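For reference, start21.txt (compact mmCIF, N, CA and C atoms):
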```
# COMPACT_ATOMS: atom_id res chain seq x y z
N MET A 534 -9.04 16.88 -22.57
CA MET A 534 -8.87 17.79 -21.46
C MET A 534 -7.86 17.26 -20.44
N PHE A 535 -7.94 15.97 -20.12
CA PHE A 535 -7.04 15.41 -19.12
C PHE A 535 -6.07 14.41 -19.75
N GLU A 536 -5.58 14.67 -20.95
CA GLU A 536 -4.72 13.73 -21.66
C GLU A 536 -3.46 13.38 -20.89
N LYS A 537 -2.92 14.29 -20.14
CA LYS A 537 -1.66 14.06 -19.42
C LYS A 537 -1.89 13.90 -17.92
N LEU A 538 -3.12 13.63 -17.53
CA LEU A 538 -3.47 13.47 -16.12
C LEU A 538 -2.83 12.22 -15.55
N MET A 539 -2.27 12.35 -14.35
CA MET A 539 -1.70 11.22 -13.64
C MET A 539 -2.29 11.19 -12.24
N ALA A 540 -2.17 10.07 -11.58
CA ALA A 540 -2.67 9.95 -10.21
C ALA A 540 -1.53 9.51 -9.31
N SER A 541 -1.66 9.84 -8.04
CA SER A 541 -0.70 9.39 -7.05
C SER A 541 -1.44 9.07 -5.77
N ALA A 542 -0.76 8.38 -4.89
CA ALA A 542 -1.30 8.08 -3.57
C ALA A 542 -0.59 8.98 -2.56
N VAL A 543 -1.27 9.30 -1.48
CA VAL A 543 -0.73 10.21 -0.48
C VAL A 543 -0.99 9.62 0.91
N LEU A 544 0.08 9.51 1.71
CA LEU A 544 -0.04 9.02 3.08
C LEU A 544 0.62 10.00 4.04
N PRO A 545 -0.04 10.31 5.15
CA PRO A 545 0.56 11.20 6.14
C PRO A 545 1.50 10.45 7.07
N ALA A 546 2.45 11.18 7.62
CA ALA A 546 3.38 10.62 8.61
C ALA A 546 3.65 11.67 9.67
N SER A 547 3.50 11.31 10.93
CA SER A 547 3.82 12.27 11.99
C SER A 547 5.32 12.35 12.21
N ASP A 548 6.06 11.31 11.82
CA ASP A 548 7.51 11.27 11.95
C ASP A 548 8.10 10.77 10.64
N ILE A 549 8.59 11.69 9.81
CA ILE A 549 9.10 11.36 8.48
C ILE A 549 10.27 10.38 8.55
N ALA A 550 11.18 10.60 9.49
CA ALA A 550 12.35 9.71 9.60
C ALA A 550 11.91 8.28 9.94
N ARG A 551 10.95 8.15 10.85
CA ARG A 551 10.45 6.83 11.22
C ARG A 551 9.75 6.18 10.03
N ALA A 552 8.95 6.95 9.30
CA ALA A 552 8.26 6.42 8.12
C ALA A 552 9.26 5.97 7.06
N LYS A 553 10.28 6.78 6.82
CA LYS A 553 11.31 6.43 5.83
C LYS A 553 11.99 5.12 6.21
N GLN A 554 12.30 4.96 7.48
CA GLN A 554 12.94 3.73 7.94
C GLN A 554 12.01 2.54 7.77
N TRP A 555 10.71 2.72 8.08
CA TRP A 555 9.74 1.64 7.95
C TRP A 555 9.63 1.20 6.49
N TRP A 556 9.48 2.13 5.57
CA TRP A 556 9.35 1.79 4.15
C TRP A 556 10.60 1.07 3.66
N HIS A 557 11.75 1.45 4.18
CA HIS A 557 13.00 0.77 3.80
C HIS A 557 13.07 -0.63 4.42
N ASP A 558 12.87 -0.73 5.72
CA ASP A 558 13.04 -2.00 6.44
C ASP A 558 11.96 -3.02 6.12
N VAL A 559 10.71 -2.58 6.02
CA VAL A 559 9.59 -3.52 5.87
C VAL A 559 9.28 -3.83 4.41
N LEU A 560 9.24 -2.80 3.56
CA LEU A 560 8.88 -3.02 2.15
C LEU A 560 10.07 -2.93 1.20
N GLY A 561 11.26 -2.67 1.73
CA GLY A 561 12.44 -2.63 0.88
C GLY A 561 12.42 -1.50 -0.12
N ARG A 562 11.79 -0.41 0.23
CA ARG A 562 11.67 0.74 -0.67
C ARG A 562 12.41 1.94 -0.10
N ASP A 563 13.11 2.64 -0.98
CA ASP A 563 13.75 3.91 -0.63
C ASP A 563 13.13 5.00 -1.48
N PRO A 564 13.09 6.22 -0.97
CA PRO A 564 12.48 7.30 -1.75
C PRO A 564 13.22 7.51 -3.07
N VAL A 565 12.46 7.81 -4.12
CA VAL A 565 13.07 8.20 -5.38
C VAL A 565 13.37 9.70 -5.37
N TYR A 566 12.71 10.41 -4.44
CA TYR A 566 12.96 11.84 -4.26
C TYR A 566 12.57 12.22 -2.84
N GLU A 567 13.34 13.12 -2.26
CA GLU A 567 13.08 13.64 -0.92
C GLU A 567 13.16 15.15 -1.01
N ASP A 568 12.15 15.86 -0.51
CA ASP A 568 12.23 17.32 -0.59
C ASP A 568 13.35 17.84 0.31
N THR A 569 13.84 19.01 0.00
CA THR A 569 15.03 19.55 0.69
C THR A 569 14.77 19.85 2.16
N GLU A 570 13.54 20.07 2.55
CA GLU A 570 13.22 20.34 3.96
C GLU A 570 12.98 19.06 4.74
N GLY A 571 12.97 17.92 4.07
CA GLY A 571 12.75 16.64 4.76
C GLY A 571 11.32 16.45 5.23
N GLU A 572 10.39 17.13 4.59
CA GLU A 572 8.98 17.04 4.98
C GLU A 572 8.16 16.12 4.08
N ALA A 573 8.78 15.63 3.00
CA ALA A 573 8.03 14.79 2.05
C ALA A 573 8.98 13.79 1.39
N LEU A 574 8.47 12.58 1.22
CA LEU A 574 9.20 11.50 0.57
C LEU A 574 8.35 11.02 -0.60
N TYR A 575 8.98 10.73 -1.72
CA TYR A 575 8.29 10.21 -2.89
C TYR A 575 8.83 8.82 -3.20
N TYR A 576 7.91 7.88 -3.36
CA TYR A 576 8.27 6.49 -3.66
C TYR A 576 7.63 6.07 -4.98
N ASP A 577 8.24 5.10 -5.62
CA ASP A 577 7.64 4.43 -6.77
C ASP A 577 7.23 3.05 -6.29
N ILE A 578 5.94 2.82 -6.19
CA ILE A 578 5.42 1.53 -5.74
C ILE A 578 4.65 0.92 -6.90
N GLY A 579 5.29 0.00 -7.59
CA GLY A 579 4.64 -0.67 -8.72
C GLY A 579 4.19 0.27 -9.81
N GLY A 580 4.91 1.36 -10.03
CA GLY A 580 4.55 2.33 -11.05
C GLY A 580 3.63 3.44 -10.58
N THR A 581 3.23 3.41 -9.32
CA THR A 581 2.40 4.47 -8.74
C THR A 581 3.28 5.34 -7.86
N VAL A 582 3.12 6.64 -8.01
CA VAL A 582 3.85 7.57 -7.14
C VAL A 582 3.14 7.62 -5.80
N LEU A 583 3.91 7.43 -4.75
CA LEU A 583 3.39 7.53 -3.39
C LEU A 583 4.11 8.67 -2.69
N LEU A 584 3.35 9.64 -2.22
CA LEU A 584 3.89 10.75 -1.44
C LEU A 584 3.63 10.47 0.03
N VAL A 585 4.68 10.47 0.83
CA VAL A 585 4.56 10.38 2.28
C VAL A 585 4.98 11.74 2.81
N TYR A 586 4.08 12.43 3.49
CA TYR A 586 4.35 13.79 3.93
C TYR A 586 4.08 13.95 5.42
N ARG A 587 4.74 14.92 6.05
CA ARG A 587 4.57 15.15 7.46
C ARG A 587 3.20 15.78 7.74
N SER A 588 2.51 15.19 8.71
CA SER A 588 1.21 15.70 9.13
C SER A 588 0.92 15.25 10.55
N GLU A 589 0.35 16.13 11.32
CA GLU A 589 -0.04 15.76 12.69
C GLU A 589 -1.26 14.85 12.71
N PHE A 590 -1.91 14.66 11.57
CA PHE A 590 -3.12 13.84 11.51
C PHE A 590 -2.85 12.41 11.03
N ALA A 591 -1.59 12.03 10.93
CA ALA A 591 -1.25 10.68 10.48
C ALA A 591 -1.89 9.63 11.38
N GLY A 592 -2.37 8.57 10.76
CA GLY A 592 -2.90 7.44 11.51
C GLY A 592 -4.27 7.64 12.11
N THR A 593 -4.94 8.73 11.79
CA THR A 593 -6.26 8.97 12.39
C THR A 593 -7.40 8.37 11.57
N ALA A 594 -7.15 8.05 10.31
CA ALA A 594 -8.20 7.44 9.47
C ALA A 594 -8.39 5.98 9.87
N GLN A 595 -9.61 5.53 9.91
CA GLN A 595 -9.91 4.15 10.28
C GLN A 595 -10.25 3.31 9.05
N ASN A 596 -9.92 3.83 7.88
CA ASN A 596 -10.19 3.14 6.63
C ASN A 596 -8.88 2.76 5.94
N THR A 597 -8.97 1.93 4.93
CA THR A 597 -7.81 1.57 4.14
C THR A 597 -7.32 2.82 3.43
N ALA A 598 -6.03 3.13 3.59
CA ALA A 598 -5.46 4.33 3.00
C ALA A 598 -4.66 4.03 1.73
N PHE A 599 -4.18 2.80 1.59
CA PHE A 599 -3.32 2.44 0.47
C PHE A 599 -3.48 0.96 0.20
N GLY A 600 -3.43 0.56 -1.06
CA GLY A 600 -3.59 -0.84 -1.40
C GLY A 600 -2.45 -1.36 -2.25
N LEU A 601 -2.06 -2.59 -1.98
CA LEU A 601 -1.04 -3.28 -2.74
C LEU A 601 -1.65 -4.52 -3.37
N MET A 602 -1.23 -4.83 -4.59
CA MET A 602 -1.70 -6.02 -5.29
C MET A 602 -0.54 -6.99 -5.39
N THR A 603 -0.80 -8.26 -5.11
CA THR A 603 0.24 -9.28 -5.16
C THR A 603 -0.24 -10.50 -5.91
N ASP A 604 0.70 -11.29 -6.39
CA ASP A 604 0.35 -12.55 -7.03
C ASP A 604 0.41 -13.71 -6.05
N ASP A 605 0.89 -13.46 -4.81
CA ASP A 605 0.99 -14.53 -3.82
C ASP A 605 0.87 -13.93 -2.41
N LEU A 606 -0.35 -13.88 -1.93
CA LEU A 606 -0.62 -13.26 -0.63
C LEU A 606 0.09 -13.99 0.51
N ASP A 607 0.07 -15.31 0.51
CA ASP A 607 0.70 -16.07 1.59
C ASP A 607 2.20 -15.78 1.66
N ARG A 608 2.86 -15.79 0.54
CA ARG A 608 4.30 -15.50 0.49
C ARG A 608 4.59 -14.11 1.06
N ASP A 609 3.82 -13.13 0.61
CA ASP A 609 4.09 -11.76 1.02
C ASP A 609 3.72 -11.50 2.48
N MET A 610 2.66 -12.15 2.96
CA MET A 610 2.32 -12.02 4.38
C MET A 610 3.42 -12.62 5.25
N THR A 611 3.96 -13.76 4.83
CA THR A 611 5.07 -14.39 5.57
C THR A 611 6.25 -13.44 5.61
N GLN A 612 6.59 -12.85 4.47
CA GLN A 612 7.71 -11.92 4.41
C GLN A 612 7.46 -10.70 5.30
N LEU A 613 6.27 -10.14 5.25
CA LEU A 613 5.95 -8.98 6.08
C LEU A 613 6.03 -9.34 7.57
N ARG A 614 5.56 -10.52 7.92
CA ARG A 614 5.63 -10.95 9.32
C ARG A 614 7.07 -11.04 9.82
N THR A 615 8.00 -11.43 8.94
CA THR A 615 9.41 -11.51 9.35
C THR A 615 9.96 -10.12 9.68
N HIS A 616 9.27 -9.08 9.22
CA HIS A 616 9.67 -7.70 9.52
C HIS A 616 8.82 -7.09 10.63
N GLY A 617 8.10 -7.95 11.36
CA GLY A 617 7.34 -7.49 12.51
C GLY A 617 5.94 -6.98 12.23
N VAL A 618 5.47 -7.13 11.00
CA VAL A 618 4.12 -6.66 10.66
C VAL A 618 3.08 -7.55 11.33
N MET A 619 2.11 -6.91 11.95
CA MET A 619 0.97 -7.61 12.56
C MET A 619 -0.26 -7.31 11.70
N PHE A 620 -0.97 -8.34 11.31
CA PHE A 620 -2.15 -8.16 10.46
C PHE A 620 -3.38 -7.93 11.31
N HIS A 621 -4.27 -7.09 10.81
CA HIS A 621 -5.50 -6.76 11.51
C HIS A 621 -6.49 -7.91 11.35
N ASP A 622 -7.28 -8.13 12.37
CA ASP A 622 -8.39 -9.07 12.27
C ASP A 622 -9.69 -8.29 12.37
N TYR A 623 -10.64 -8.67 11.53
CA TYR A 623 -11.94 -8.00 11.50
C TYR A 623 -13.04 -9.03 11.61
N ASP A 624 -14.12 -8.65 12.27
CA ASP A 624 -15.31 -9.48 12.34
C ASP A 624 -16.50 -8.53 12.37
N MET A 625 -16.97 -8.19 11.18
CA MET A 625 -18.09 -7.26 11.03
C MET A 625 -18.90 -7.70 9.82
N PRO A 626 -20.11 -7.21 9.68
CA PRO A 626 -20.91 -7.60 8.52
C PRO A 626 -20.16 -7.33 7.21
N GLY A 627 -20.02 -8.37 6.41
CA GLY A 627 -19.36 -8.25 5.11
C GLY A 627 -17.85 -8.40 5.14
N LEU A 628 -17.26 -8.51 6.34
CA LEU A 628 -15.80 -8.65 6.42
C LEU A 628 -15.42 -9.44 7.67
N LYS A 629 -14.91 -10.64 7.44
CA LYS A 629 -14.41 -11.46 8.54
C LYS A 629 -13.07 -12.03 8.10
N THR A 630 -12.07 -11.83 8.95
CA THR A 630 -10.74 -12.37 8.64
C THR A 630 -10.47 -13.59 9.50
N GLU A 631 -9.63 -14.45 8.96
CA GLU A 631 -9.13 -15.59 9.70
C GLU A 631 -7.62 -15.60 9.52
N ASP A 632 -6.90 -15.50 10.63
CA ASP A 632 -5.44 -15.36 10.60
C ASP A 632 -5.03 -14.16 9.73
N GLY A 633 -5.86 -13.10 9.80
CA GLY A 633 -5.56 -11.87 9.08
C GLY A 633 -6.06 -11.81 7.66
N VAL A 634 -6.64 -12.88 7.15
CA VAL A 634 -7.03 -12.94 5.74
C VAL A 634 -8.55 -13.00 5.58
N ALA A 635 -9.05 -12.17 4.68
CA ALA A 635 -10.47 -12.22 4.29
C ALA A 635 -10.54 -12.80 2.89
N GLU A 636 -11.50 -13.68 2.66
CA GLU A 636 -11.67 -14.29 1.35
C GLU A 636 -12.97 -13.80 0.73
N PHE A 637 -12.86 -13.43 -0.56
CA PHE A 637 -13.99 -12.94 -1.34
C PHE A 637 -14.00 -13.71 -2.66
N GLY A 638 -14.51 -14.93 -2.65
CA GLY A 638 -14.47 -15.74 -3.87
C GLY A 638 -13.02 -16.06 -4.22
N GLU A 639 -12.60 -15.65 -5.43
CA GLU A 639 -11.23 -15.90 -5.89
C GLU A 639 -10.22 -14.93 -5.26
N GLU A 640 -10.71 -13.89 -4.63
CA GLU A 640 -9.82 -12.85 -4.12
C GLU A 640 -9.63 -12.97 -2.62
N ARG A 641 -8.42 -12.61 -2.17
CA ARG A 641 -8.07 -12.67 -0.76
C ARG A 641 -7.34 -11.38 -0.40
N SER A 642 -7.62 -10.86 0.79
CA SER A 642 -6.98 -9.62 1.22
C SER A 642 -6.63 -9.67 2.69
N ALA A 643 -5.65 -8.84 3.06
CA ALA A 643 -5.23 -8.68 4.45
C ALA A 643 -4.90 -7.21 4.66
N TRP A 644 -4.94 -6.78 5.92
CA TRP A 644 -4.69 -5.37 6.26
C TRP A 644 -3.69 -5.29 7.39
N PHE A 645 -2.83 -4.26 7.32
CA PHE A 645 -1.85 -3.99 8.36
C PHE A 645 -1.63 -2.49 8.40
N SER A 646 -0.94 -2.04 9.43
CA SER A 646 -0.66 -0.61 9.56
C SER A 646 0.83 -0.34 9.39
N ASP A 647 1.12 0.83 8.81
CA ASP A 647 2.52 1.23 8.71
C ASP A 647 2.96 1.86 10.02
N SER A 648 4.16 2.39 10.07
CA SER A 648 4.71 2.97 11.31
C SER A 648 3.91 4.17 11.79
N GLU A 649 3.11 4.76 10.90
CA GLU A 649 2.36 5.97 11.23
C GLU A 649 0.89 5.70 11.51
N GLY A 650 0.50 4.43 11.50
CA GLY A 650 -0.89 4.07 11.78
C GLY A 650 -1.80 4.08 10.57
N ASN A 651 -1.26 4.29 9.37
CA ASN A 651 -2.07 4.24 8.15
C ASN A 651 -2.37 2.77 7.83
N ILE A 652 -3.61 2.48 7.49
CA ILE A 652 -4.00 1.11 7.18
C ILE A 652 -3.72 0.82 5.71
N ILE A 653 -2.97 -0.26 5.49
CA ILE A 653 -2.57 -0.68 4.15
C ILE A 653 -3.19 -2.05 3.89
N ALA A 654 -3.79 -2.20 2.72
CA ALA A 654 -4.35 -3.49 2.31
C ALA A 654 -3.37 -4.15 1.34
N ILE A 655 -3.30 -5.45 1.42
CA ILE A 655 -2.57 -6.22 0.42
C ILE A 655 -3.50 -7.32 -0.04
N GLY A 656 -3.67 -7.45 -1.34
CA GLY A 656 -4.63 -8.39 -1.86
C GLY A 656 -4.11 -9.21 -3.02
N GLN A 657 -4.58 -10.44 -3.07
CA GLN A 657 -4.34 -11.33 -4.20
C GLN A 657 -5.66 -11.42 -4.94
N TYR A 658 -5.67 -10.89 -6.14
CA TYR A 658 -6.91 -10.75 -6.90
C TYR A 658 -7.04 -11.84 -7.94
N SER A 659 -8.22 -11.93 -8.52
CA SER A 659 -8.48 -12.93 -9.55
C SER A 659 -7.56 -12.66 -10.74
N PRO A 660 -7.28 -13.69 -11.52
CA PRO A 660 -6.45 -13.49 -12.72
C PRO A 660 -7.02 -12.40 -13.64
N GLN A 661 -8.35 -12.33 -13.76
CA GLN A 661 -8.96 -11.32 -14.62
C GLN A 661 -8.70 -9.91 -14.08
N MET A 662 -8.80 -9.73 -12.76
CA MET A 662 -8.56 -8.43 -12.16
C MET A 662 -7.09 -8.03 -12.29
N MET A 663 -6.18 -8.98 -12.09
CA MET A 663 -4.75 -8.69 -12.24
C MET A 663 -4.43 -8.31 -13.68
N GLU A 664 -5.03 -9.03 -14.63
CA GLU A 664 -4.80 -8.71 -16.05
C GLU A 664 -5.32 -7.31 -16.37
N MET A 665 -6.49 -6.97 -15.85
CA MET A 665 -7.04 -5.64 -16.09
C MET A 665 -6.14 -4.57 -15.49
N ALA A 666 -5.64 -4.79 -14.28
CA ALA A 666 -4.75 -3.82 -13.63
C ALA A 666 -3.47 -3.64 -14.44
N MET A 667 -2.92 -4.73 -14.94
CA MET A 667 -1.70 -4.64 -15.76
C MET A 667 -1.97 -3.88 -17.05
N ARG A 668 -3.12 -4.13 -17.68
CA ARG A 668 -3.47 -3.39 -18.89
C ARG A 668 -3.61 -1.89 -18.60
N MET A 669 -4.24 -1.57 -17.48
CA MET A 669 -4.42 -0.17 -17.12
C MET A 669 -3.07 0.51 -16.88
N ARG A 670 -2.16 -0.19 -16.20
CA ARG A 670 -0.84 0.37 -15.93
C ARG A 670 -0.07 0.56 -17.24
N SER A 671 -0.14 -0.43 -18.13
CA SER A 671 0.55 -0.32 -19.43
C SER A 671 -0.03 0.82 -20.26
N SER A 672 -1.34 0.93 -20.25
CA SER A 672 -2.00 2.00 -20.99
C SER A 672 -1.58 3.37 -20.47
N ALA A 673 -1.51 3.49 -19.15
CA ALA A 673 -1.15 4.77 -18.54
C ALA A 673 0.31 5.16 -18.85
N SER A 674 1.16 4.14 -18.98
CA SER A 674 2.57 4.42 -19.24
C SER A 674 2.87 4.54 -20.73
N GLY A 675 1.87 4.29 -21.56
CA GLY A 675 2.05 4.41 -23.01
C GLY A 675 2.71 3.21 -23.64
N THR A 676 2.76 2.07 -22.93
CA THR A 676 3.41 0.89 -23.49
C THR A 676 2.40 -0.10 -24.05
N ALA A 677 1.12 0.21 -23.98
CA ALA A 677 0.11 -0.73 -24.49
C ALA A 677 -0.06 -0.61 -25.99
```
What would the structure in this file look like if it were written as structure tokens?
Amino acid sequence: MFEKLMASAVLPASDIARAKQWWHDVLGRDPVYEDTEGEALYYDIGGTVLLVYRSEFAGTAQNTAFGLMTDDLDRDMTQLRTHGVMFHDYDMPGLKTEDGVAEFGEERSAWFSDSEGNIIAIGQYSPQMMEMAMRMRSSASGTA
């Protein structure tokens, strides 16, 4: 029934031009497609389609809206900081960060906001989790 089903991520932006500039300047990404009205941007982030669209409700969610997986959290946090990214600190039951980083056994994560106030997580996962994610991506692309 869903043999050709695909998934994408969706993030709102109150200012598309500002969001486009942020994705370019901070994450080094340019849209792979832009709609003709300039109301939506499409990115390829690690093989996942990300739609950034204009919405007056951008930045109102208080939860993680998008997640990135990395093989070196410290390296990537340093790089993001050079682009002005400030990491969130949390101190609540089940989640405490130190210098922006939460540790969960072998896994480590940090959170920051994009130019539109959307919360983005970046995590360094266990080798087993990274291997599973790579297998899932390969399977979805038909290369497995």
Could you pull out the strand (DSSP E) residues of chain A from DSSP and send them as a PyMOL selection string?
chain A and resi 541-546+566-567+573-578+581-587+597-603+624-625+628-629+634-637+640-646+652-657
All residues 7 Å or closer to Glu639 of chain A, only C-alpha atoms, same chain fewer than 2 positions away omitted, as a list of chain:residue names:
A:Phe637, A:Arg641, A:Tyr658, A:Ser659
Fewer than 6 positions away in the same chain doesn't count, so skip those; otherwise give me all residues within 6 Å of segment 545-557 of chain A, counting only N, CA and C atoms, as an MDAnalysis selection string.
chainID A and resid 563 585:589 591:592 648:649
So what do you get for atom CA of Leu574 of chain A versus atom CA of Trp644 of chain A, distance-wise?
22.6 Å
Let me have the centre and edge lengths in Å, one decimal, of the box along x, y and z around every listed atom of segment 642-655 of chain A with 5 Å of margin on each side, as lines of an AutoDock Vina configuration file.
```
center_x = -1.5
center_y = -2.4
center_z = 5.9
size_x = 22.3
size_y = 26.8
size_z = 21.8
```
